[in-house]
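Below you'll find the structure, written out as structure tokens, and then a few comments.
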Amino acid sequence: MQLGLLFVDELRGFYKSKVMIFLWIGLPVIALLFRFISAESSGQTIPFTFISALVVSSIGGTLASVMLAVFIINEKNRHVYDLFLIRPLKRRDILLAKFLSMYTCVAIAAFFAVLAGMVTDYATTGALPATILTNAGESLATSLSMIAVACSAGVLIGVAAPSVLVGAILVIYGGNQISVIPLVPTLLNLPDATVITIVLASAVALGLLVASIALFNRKQF
């Protein structure tokens with residue numbers, strides 16, 4: 001119950017921000033612009049649906065990671081958690097609520113962008129609906145996996161970093177690279193790459209969240 005209430009509260013705060021408006025509207029537009037810019041390239045064999053998923057994962061995952069890190073660091077510096085922790089709230093619920101709410105918001109943006117890519121693939125190639133749905137499902141799974149890792153990395157960096165500047169640097173030069181891990185099975189053309197991607201991303205995200213919770217429990221507020 002406490003986690004659910006915290007999740008709803010965090011979700012309200014995130015979806016009202018201007019950054020989320022950019023994610024929901026701007027990312028599909030950026031994906032479409034990228035499609036039109038790359039339309040002149042010859043010999044392209046990668047479906048645009050997959051390309052749009054990579055664009056969303058890279059930009060959206062980085063923004064989500066930065067937002068999570070900055071919010072947590074600012075709340076630590078303002079001693080917000082002092083008020084939370086005098087109530088019967090579990091520390092893990094605070095972090096999980098932030099992770100789940102941010103992940104939900106960025107997942108919506110990812111769905112819109114992949115949908116735009118799916119429609120564009122159908123309009124430009126005339127592919128069969130079954131093929132489009134398969135590409136869209138694989139691309140969305142890859143995108144959501146990368147975003148999950150990016151968000152969990154943002155939570156860990158937010159808990160560990162002493163300042164906003166350090167947190168932003170760690171996200172850009174560390175968290176952004178970690179989020180690429182789920183893409184490895186696809187790049188290596190492994191059998192059942194999508195399944196491996198989901199399992200790998202789940203394991204990495206879970207590990208980062210467990211580390212975040214363990215570190216957060218040791219913090220003195």
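Identifiers for the structure tokens are assigned positionally: chains receive A, B, ... in sequence, residues are indexed from 1 per chain, and ligands are indexed from 1 in the order shown.
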query: Using only C-alpha atoms, which residues sit within 6 Å of range 69-76 of chain A once same-chain residues fewer than 6 positions away are excluded, as JSON, numbers by chain?
result: {"A": [154, 155, 157, 158, 164]}
- prompt: Quick one: residues within 9 Å of Gly175 in chain A, only C-alpha atoms counted, chain neighbours fewer than 5 positions away excluded, as a ChimeraX atom specification?
  reply: /A:62,65,149-154,157,170
Residues as selected, C-alpha atoms, written as an mmCIF file, in the first residue's frame, can you do that?
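For reference, again-v4.cif as written:
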```
data_model
loop_
_atom_site.group_PDB
_atom_site.id
_atom_site.type_symbol
_atom_site.label_atom_id
_atom_site.label_comp_id
_atom_site.auth_asym_id
_atom_site.auth_seq_id
_atom_site.Cartn_x
_atom_site.Cartn_y
_atom_site.Cartn_z
ATOM 1 C CA THR A 62 19.734 9.441 -20.517
ATOM 2 C CA SER A 65 18.627 8.721 -15.571
ATOM 3 C CA VAL A 149 18.807 -0.238 -16.951
ATOM 4 C CA ALA A 150 19.222 3.526 -17.425
ATOM 5 C CA CYS A 151 16.613 4.324 -14.755
ATOM 6 C CA SER A 152 18.090 1.889 -12.239
ATOM 7 C CA ALA A 153 21.544 3.343 -12.888
ATOM 8 C CA GLY A 154 20.117 6.814 -12.262
ATOM 9 C CA ILE A 157 23.981 7.336 -8.934
ATOM 10 C CA LEU A 170 28.427 9.824 -13.649
#
```
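Going from CA of Ala193 in chain A to CA of Leu144 in chain A covers 14.3 Å.
Omitting Ser57 in chain A and its sequence neighbours fewer than 3 positions away, and counting only C-alpha atoms, the residues within 7 Å are Ala53, Leu54, Gly60, Gly61, Ser143, Met146 and Ile147 of chain A.
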Put those residues in a file: N, CA and C atoms, as a PDB file, in the first residue's frame.
```pdb
ATOM      1  N   ALA A  53      13.571   2.925 -31.925  1.00  0.00           N
ATOM      2  CA  ALA A  53      13.711   2.406 -30.565  1.00  0.00           C
ATOM      3  C   ALA A  53      15.068   2.771 -29.982  1.00  0.00           C
ATOM      4  N   LEU A  54      16.109   2.711 -30.798  1.00  0.00           N
ATOM      5  CA  LEU A  54      17.446   3.081 -30.325  1.00  0.00           C
ATOM      6  C   LEU A  54      17.511   4.561 -29.989  1.00  0.00           C
ATOM      7  N   GLY A  60      15.893   9.185 -24.322  1.00  0.00           N
ATOM      8  CA  GLY A  60      14.968   9.061 -23.199  1.00  0.00           C
ATOM      9  C   GLY A  60      15.616   8.437 -21.978  1.00  0.00           C
ATOM     10  N   GLY A  61      16.429   7.402 -22.185  1.00  0.00           N
ATOM     11  CA  GLY A  61      17.094   6.764 -21.054  1.00  0.00           C
ATOM     12  C   GLY A  61      18.052   7.702 -20.343  1.00  0.00           C
ATOM     13  N   SER A 143      13.948  -1.364 -26.406  1.00  0.00           N
ATOM     14  CA  SER A 143      13.891  -0.006 -25.875  1.00  0.00           C
ATOM     15  C   SER A 143      13.569  -0.001 -24.385  1.00  0.00           C
ATOM     16  N   MET A 146      16.558  -1.230 -22.261  1.00  0.00           N
ATOM     17  CA  MET A 146      17.611  -0.236 -22.094  1.00  0.00           C
ATOM     18  C   MET A 146      17.184   0.869 -21.141  1.00  0.00           C
ATOM     19  N   ILE A 147      15.912   1.267 -21.210  1.00  0.00           N
ATOM     20  CA  ILE A 147      15.399   2.317 -20.321  1.00  0.00           C
ATOM     21  C   ILE A 147      15.386   1.838 -18.879  1.00  0.00           C
TER      22      ILE A 147
END
```
- prompt: Which one of A:Ile108, A:Val210, A:Leu63, A:Ile25 sits closest to Arg91 in chain A if you count only C-alpha atoms?
  reply: A:Val210
message: Here is a test: counting only C-alpha atoms, which residue of A:Leu6, A:Ala205, A:Ile196, A:Val159 is nearest to Lys90 in chain A?
response: A:Leu6
